[in-house]
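> I'd like to ask you about the structure that follows.
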Amino acid sequence: MKILITGGGGFIGHYMTNFLINRGHKVLSTYYRPTTDINELSSNAEKKECDIRDKEMVFSIIKKFKPDKIFHFAAQSYPQISWKDPWYTIETNVIGTTNIFEAIKSIGSKCKILNICSSAEYGFIDKNKIPIKEDNQLNPLHPYGVSKLAQEKLAYQYFKNFDINSVSIRLFNTTGPRKINDICSDFTKRLIEIEKGIKKDKRLIVGNLKSERAILDVRDVVNAFDLALDKCVLGEVYNLSGEYPYKILDIIEILRKLVSFKFELEQDDKLIRSTDEAVIYGDSTKFKEITGWKQEIPLQQTLQDMLNYWRIRLNNTNL
């Protein structure tokens with residue numbers, strides 16, 4: 001099967017590329033401003049630089065490659081960055097998605113598209129409505145969330161009006177080795193810097209310790225995505241979330257047991273943002289019932305693997 005992955009230079013796109021190659025598919029993986037090492041993508045994958053905002057390039061790639069499936073990961077995916085640069089966020093996530101669907105429309109392809117959306121579409125949720133179900137109100141709190149909601153609605157209208165087959169996944173917090181710029185990545189990297197003596201100050205800088213996040217391991221996520229286009233109802237939206245919400249303090253306590261030294265915490269008020277959701281935890285029942293998928297990797301194992309990743313990555317460095 002011929003599969004196009006947009007955003008193959010990103011965290012999840014990287015894992016998805018190697019996952020599908022290992023299953024014998026022909027994969028074209030595009031990248032732009034990669035956050036992972038492109039050289040670590042499988043040598044059996046075709047790799048091509050592509051700015052998803054470039055309509056002509058997107059059309060050319062899809063017309064030439066003629067994919068059977070598209071896993072659409074290309075995005076500006078950081079809420080904080082979306083405040084600083086809402087223009088780039090909207091152009092990448094909304095215009096980029098439009099380019100994908102318009103390209104499929106123009107060639108009349110029956111290609112299936114997995115449209116990766118976000119739990120950020122929900123915004124603040126009443127505690128009595130947690131875990132969040134798909135029919136909850138959508139009130140995103142930042143340009144990133146707004147862009148992902150627009151991306152989801154674009155997929156719906158292309159499905160309804162032009163029979164372009166897609167499934168949209170509202171993905172909740174996901175982490176794992178190679179992840180950067182999330183709590184688990186920042187904490188595990190900092191601890192290995194302390195362990196190796198790169199940082200002499202044995203403190204973790206923290207924000208709101210009471211925030212709760214249900215966390216998935218990226219390796220569970222790519223298994224879920226592999227099932228989605230074969231099992232899910234086309235045109236539908238599904239949550240994909242970890243099964244248990246952890247307080248940030250809970251994550252720190254797990255990490256204390258995984259390292260051989262003691263460390264202190266220091267709270268930085270600048271890391272406490274009024275638009276941060278208190279709890280991010282979704283109900284994945286709809287997805288699990290139709291696909292048979294279940295979360296396999298516990299958070300402790302994920303954090304251990306992330307610590308080991310940074311031990312290798314930071315070896316013999318002065319970062």
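Residue numbers start at 1 in each chain; chains themselves are named A, B, ... in the order of the structure tokens; ligands are numbered from 1 in the order shown.
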Just want the 9 Å neighbourhood of range 156-158 of chain A, counted on only C-alpha atoms, with same-chain residues fewer than 4 positions away dropped. Output as number ranges by chain.
A: 101-102, 105, 151-152, 162-168, 235-236
> Leaving out range 121-131 of chain A and any residue of its chain fewer than 3 positions from it, which residues lie within 6 Å of it when counting only C-alpha atoms, given as a list in words?
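Skipping anything fewer than 3 positions along the chain leaves Ser118, Leu138, Asn139, Pro140, Leu141, Gly145, Leu149, Glu277, Tyr281, Gly282 and Asp283 of chain A.
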> Quick one: write out the picked residues with C-alpha atoms as a PDB file, in the first residue's frame?

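New file part.pdb:
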```pdb
ATOM      1  CA  SER A 118      -6.568  17.838  19.076  1.00  0.00           C
ATOM      2  CA  LEU A 138     -15.988  22.853  21.495  1.00  0.00           C
ATOM      3  CA  ASN A 139     -14.605  26.139  22.834  1.00  0.00           C
ATOM      4  CA  PRO A 140     -10.841  26.274  22.136  1.00  0.00           C
ATOM      5  CA  LEU A 141      -8.774  28.681  24.218  1.00  0.00           C
ATOM      6  CA  GLY A 145      -7.099  24.962  19.273  1.00  0.00           C
ATOM      7  CA  LEU A 149     -11.227  22.821  15.083  1.00  0.00           C
ATOM      8  CA  GLU A 277      -6.956  23.596  31.062  1.00  0.00           C
ATOM      9  CA  TYR A 281      -8.714  13.665  29.951  1.00  0.00           C
ATOM     10  CA  GLY A 282     -10.823  12.158  27.196  1.00  0.00           C
ATOM     11  CA  ASP A 283     -13.240   9.262  26.912  1.00  0.00           C
TER      12      ASP A 283
END
```
> May I have the residues within 9 Å of Leu204 in chain A as number ranges by chain, using only C-alpha atoms and disregarding those fewer than 3 positions away in the same chain?
A: 187, 190-191, 201, 263-267
> Those same residues, written as a PDB file, in the first residue's frame with N, CA and C atoms?

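The resulting file, again.pdb, is shown below:
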```
ATOM      1  N   PHE A 187      11.047  17.467  31.951  1.00  0.00           N
ATOM      2  CA  PHE A 187      11.460  16.908  33.233  1.00  0.00           C
ATOM      3  C   PHE A 187      12.533  15.837  33.057  1.00  0.00           C
ATOM      4  N   ARG A 190      15.897  17.332  31.975  1.00  0.00           N
ATOM      5  CA  ARG A 190      16.520  18.059  33.076  1.00  0.00           C
ATOM      6  C   ARG A 190      17.140  17.091  34.087  1.00  0.00           C
ATOM      7  N   LEU A 191      16.459  16.010  34.392  1.00  0.00           N
ATOM      8  CA  LEU A 191      16.976  15.052  35.370  1.00  0.00           C
ATOM      9  C   LEU A 191      18.241  14.359  34.872  1.00  0.00           C
ATOM     10  N   ASP A 201      22.711  22.492  39.425  1.00  0.00           N
ATOM     11  CA  ASP A 201      21.566  22.871  40.253  1.00  0.00           C
ATOM     12  C   ASP A 201      20.517  21.757  40.214  1.00  0.00           C
ATOM     13  N   PHE A 263      16.112  15.518  44.252  1.00  0.00           N
ATOM     14  CA  PHE A 263      16.040  16.829  43.613  1.00  0.00           C
ATOM     15  C   PHE A 263      14.910  17.640  44.240  1.00  0.00           C
ATOM     16  N   GLU A 264      15.019  18.948  44.112  1.00  0.00           N
ATOM     17  CA  GLU A 264      14.039  19.872  44.667  1.00  0.00           C
ATOM     18  C   GLU A 264      13.164  20.447  43.558  1.00  0.00           C
ATOM     19  N   LEU A 265      12.033  21.030  43.967  1.00  0.00           N
ATOM     20  CA  LEU A 265      11.128  21.692  43.030  1.00  0.00           C
ATOM     21  C   LEU A 265      11.142  23.194  43.290  1.00  0.00           C
ATOM     22  N   GLU A 266      11.029  23.953  42.214  1.00  0.00           N
ATOM     23  CA  GLU A 266      10.880  25.405  42.329  1.00  0.00           C
ATOM     24  C   GLU A 266       9.763  25.848  41.397  1.00  0.00           C
ATOM     25  N   GLN A 267       8.750  26.464  41.948  1.00  0.00           N
ATOM     26  CA  GLN A 267       7.617  26.896  41.130  1.00  0.00           C
ATOM     27  C   GLN A 267       7.896  28.257  40.499  1.00  0.00           C
TER      28      GLN A 267
END
```
> Just give me the gap between CA of Arg203 in chain A and CA of Glu253 in chain A in Å, one decimal is fine.
13.9 Å
> Taking a cut-off of 9 Å and counting only C-alpha atoms, can you build a table that, for each residue of range 58-90 of chain A near range 16-38 of chain A, reports the nearest atom pair and how far apart they are in Å (one decimal), sorted by chain then residue number, as a Markdown table?

```
| residue | atom | partner | partner_atom | distance |
| --- | --- | --- | --- | --- |
| A:Phe65 | CA | A:Leu28 | CA | 8.0 |
| A:Pro67 | CA | A:Leu28 | CA | 8.7 |
| A:Phe71 | CA | A:Met16 | CA | 8.5 |
| A:Ala74 | CA | A:Tyr31 | CA | 7.7 |
```
> Using only C-alpha atoms, which of A:Asp220, A:Glu289, A:Glu243, A:Glu193 sits nearest Ile312 in chain A?
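The shortest atom-to-atom distance to Ile312 in chain A comes from A:Glu193.
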> Taking the DSSP assignment computed from this structure's backbone, write out as a ChimeraX atom specification all residues of range 65-294 of chain A that belong to strand (DSSP E or B).
/A:69-72,112-118,132,166-171,174-175,203-206,212-214,216-217,237-240,245-247,264-267,279-280,282
> Now that the selection is made, can you save its residues with N, CA and C atoms as a tab-separated table (two decimals), in the first residue's frame?

```tsv
chain	number	residue	atom	x	y	z
A	69	LYS	N	-3.47	6.02	1.23
A	69	LYS	CA	-3.80	6.60	2.52
A	69	LYS	C	-2.90	7.80	2.76
A	70	ILE	N	-3.43	8.76	3.50
A	70	ILE	CA	-2.63	9.90	3.95
A	70	ILE	C	-2.78	10.01	5.47
A	71	PHE	N	-1.65	10.06	6.17
A	71	PHE	CA	-1.65	10.37	7.59
A	71	PHE	C	-1.18	11.82	7.71
A	72	HIS	N	-2.10	12.70	8.04
A	72	HIS	CA	-1.84	14.14	7.99
A	72	HIS	C	-1.44	14.68	9.36
A	112	LYS	N	-7.90	7.51	1.49
A	112	LYS	CA	-8.42	7.77	2.83
A	112	LYS	C	-7.42	8.66	3.59
A	113	ILE	N	-7.96	9.61	4.35
A	113	ILE	CA	-7.11	10.56	5.08
A	113	ILE	C	-7.37	10.43	6.58
A	114	LEU	N	-6.30	10.23	7.35
A	114	LEU	CA	-6.41	10.32	8.80
A	114	LEU	C	-6.04	11.74	9.18
A	115	ASN	N	-7.02	12.46	9.70
A	115	ASN	CA	-6.90	13.89	10.00
A	115	ASN	C	-6.63	14.04	11.48
A	116	ILE	N	-5.40	14.45	11.84
A	116	ILE	CA	-5.01	14.48	13.24
A	116	ILE	C	-5.39	15.83	13.85
A	117	CYS	N	-6.39	15.79	14.73
A	117	CYS	CA	-6.89	16.99	15.39
A	117	CYS	C	-6.44	16.98	16.85
A	118	SER	N	-7.13	17.65	17.74
A	118	SER	CA	-6.57	17.84	19.08
A	118	SER	C	-7.63	18.01	20.15
A	132	ILE	N	-13.94	13.65	28.94
A	132	ILE	CA	-14.64	14.38	27.88
A	132	ILE	C	-15.08	13.43	26.77
A	166	SER	N	-12.36	10.48	5.09
A	166	SER	CA	-11.44	10.82	6.17
A	166	SER	C	-12.02	10.41	7.51
A	167	VAL	N	-11.12	10.28	8.47
A	167	VAL	CA	-11.47	10.09	9.88
A	167	VAL	C	-10.67	11.13	10.66
A	168	SER	N	-11.33	11.83	11.59
A	168	SER	CA	-10.64	12.81	12.42
A	168	SER	C	-10.45	12.28	13.83
A	169	ILE	N	-9.23	12.41	14.33
A	169	ILE	CA	-8.90	11.96	15.68
A	169	ILE	C	-8.56	13.17	16.55
A	170	ARG	N	-9.30	13.34	17.63
A	170	ARG	CA	-8.94	14.37	18.61
A	170	ARG	C	-7.95	13.74	19.58
A	171	LEU	N	-6.69	14.01	19.34
A	171	LEU	CA	-5.62	13.38	20.10
A	171	LEU	C	-5.35	14.15	21.39
A	174	THR	N	0.26	13.26	24.34
A	174	THR	CA	1.06	12.14	23.86
A	174	THR	C	2.53	12.46	24.06
A	175	THR	N	3.29	11.49	24.55
A	175	THR	CA	4.71	11.72	24.77
A	175	THR	C	5.49	10.44	24.50
A	203	ARG	N	17.44	21.18	40.75
A	203	ARG	CA	16.05	21.63	40.89
A	203	ARG	C	15.30	21.41	39.59
A	204	LEU	N	14.01	21.10	39.73
A	204	LEU	CA	13.10	21.11	38.58
A	204	LEU	C	12.25	22.37	38.69
A	205	ILE	N	12.20	23.15	37.62
A	205	ILE	CA	11.34	24.32	37.58
A	205	ILE	C	9.96	23.86	37.12
A	206	VAL	N	8.94	24.18	37.90
A	206	VAL	CA	7.60	23.65	37.63
A	206	VAL	C	6.58	24.78	37.59
A	212	GLU	N	-4.04	18.27	35.66
A	212	GLU	CA	-4.16	16.83	35.43
A	212	GLU	C	-4.14	16.53	33.93
A	213	ARG	N	-3.36	15.52	33.56
A	213	ARG	CA	-3.23	15.14	32.15
A	213	ARG	C	-3.29	13.62	32.02
A	214	ALA	N	-4.14	13.14	31.13
A	214	ALA	CA	-4.12	11.73	30.76
A	214	ALA	C	-3.13	11.60	29.60
A	216	LEU	N	-0.70	9.48	26.81
A	216	LEU	CA	-0.48	8.31	25.96
A	216	LEU	C	0.98	8.21	25.56
A	217	ASP	N	1.45	6.98	25.40
A	217	ASP	CA	2.77	6.74	24.82
A	217	ASP	C	2.62	6.75	23.29
A	237	VAL	N	-15.64	11.51	14.03
A	237	VAL	CA	-14.61	12.07	14.89
A	237	VAL	C	-14.48	11.18	16.13
A	238	TYR	N	-13.23	10.93	16.55
A	238	TYR	CA	-12.98	10.05	17.69
A	238	TYR	C	-11.96	10.68	18.63
A	239	ASN	N	-12.20	10.53	19.94
A	239	ASN	CA	-11.19	10.87	20.94
A	239	ASN	C	-10.16	9.76	21.02
A	240	LEU	N	-8.92	10.13	21.28
A	240	LEU	CA	-7.88	9.16	21.62
A	240	LEU	C	-7.10	9.73	22.80
A	245	PRO	N	-5.97	10.16	34.39
A	245	PRO	CA	-5.37	11.50	34.50
A	245	PRO	C	-4.38	11.59	35.67
A	246	TYR	N	-3.17	12.02	35.36
A	246	TYR	CA	-2.14	12.19	36.37
A	246	TYR	C	-1.96	13.68	36.69
A	247	LYS	N	-1.91	14.01	37.97
A	247	LYS	CA	-1.47	15.36	38.35
A	247	LYS	C	0.01	15.50	37.99
A	264	GLU	N	15.02	18.95	44.11
A	264	GLU	CA	14.04	19.87	44.67
A	264	GLU	C	13.16	20.45	43.56
A	265	LEU	N	12.03	21.03	43.97
A	265	LEU	CA	11.13	21.69	43.03
A	265	LEU	C	11.14	23.19	43.29
A	266	GLU	N	11.03	23.95	42.21
A	266	GLU	CA	10.88	25.40	42.33
A	266	GLU	C	9.76	25.85	41.40
A	267	GLN	N	8.75	26.46	41.95
A	267	GLN	CA	7.62	26.90	41.13
A	267	GLN	C	7.90	28.26	40.50
A	279	VAL	N	-7.83	20.14	33.64
A	279	VAL	CA	-7.82	18.69	33.41
A	279	VAL	C	-7.96	18.44	31.91
A	280	ILE	N	-7.09	17.59	31.38
A	280	ILE	CA	-7.22	17.14	29.99
A	280	ILE	C	-7.28	15.62	30.00
A	282	GLY	N	-9.74	12.49	28.12
A	282	GLY	CA	-10.82	12.16	27.20
A	282	GLY	C	-11.36	10.75	27.37
```
> Could you give me the residues within range 17-250 of chain A that DSSP places in alpha helix (DSSP H), as a ChimeraX atom specification?
/A:17-22,55-65,79-84,86-90,96-107,143-162,183-195,218-231,248-250
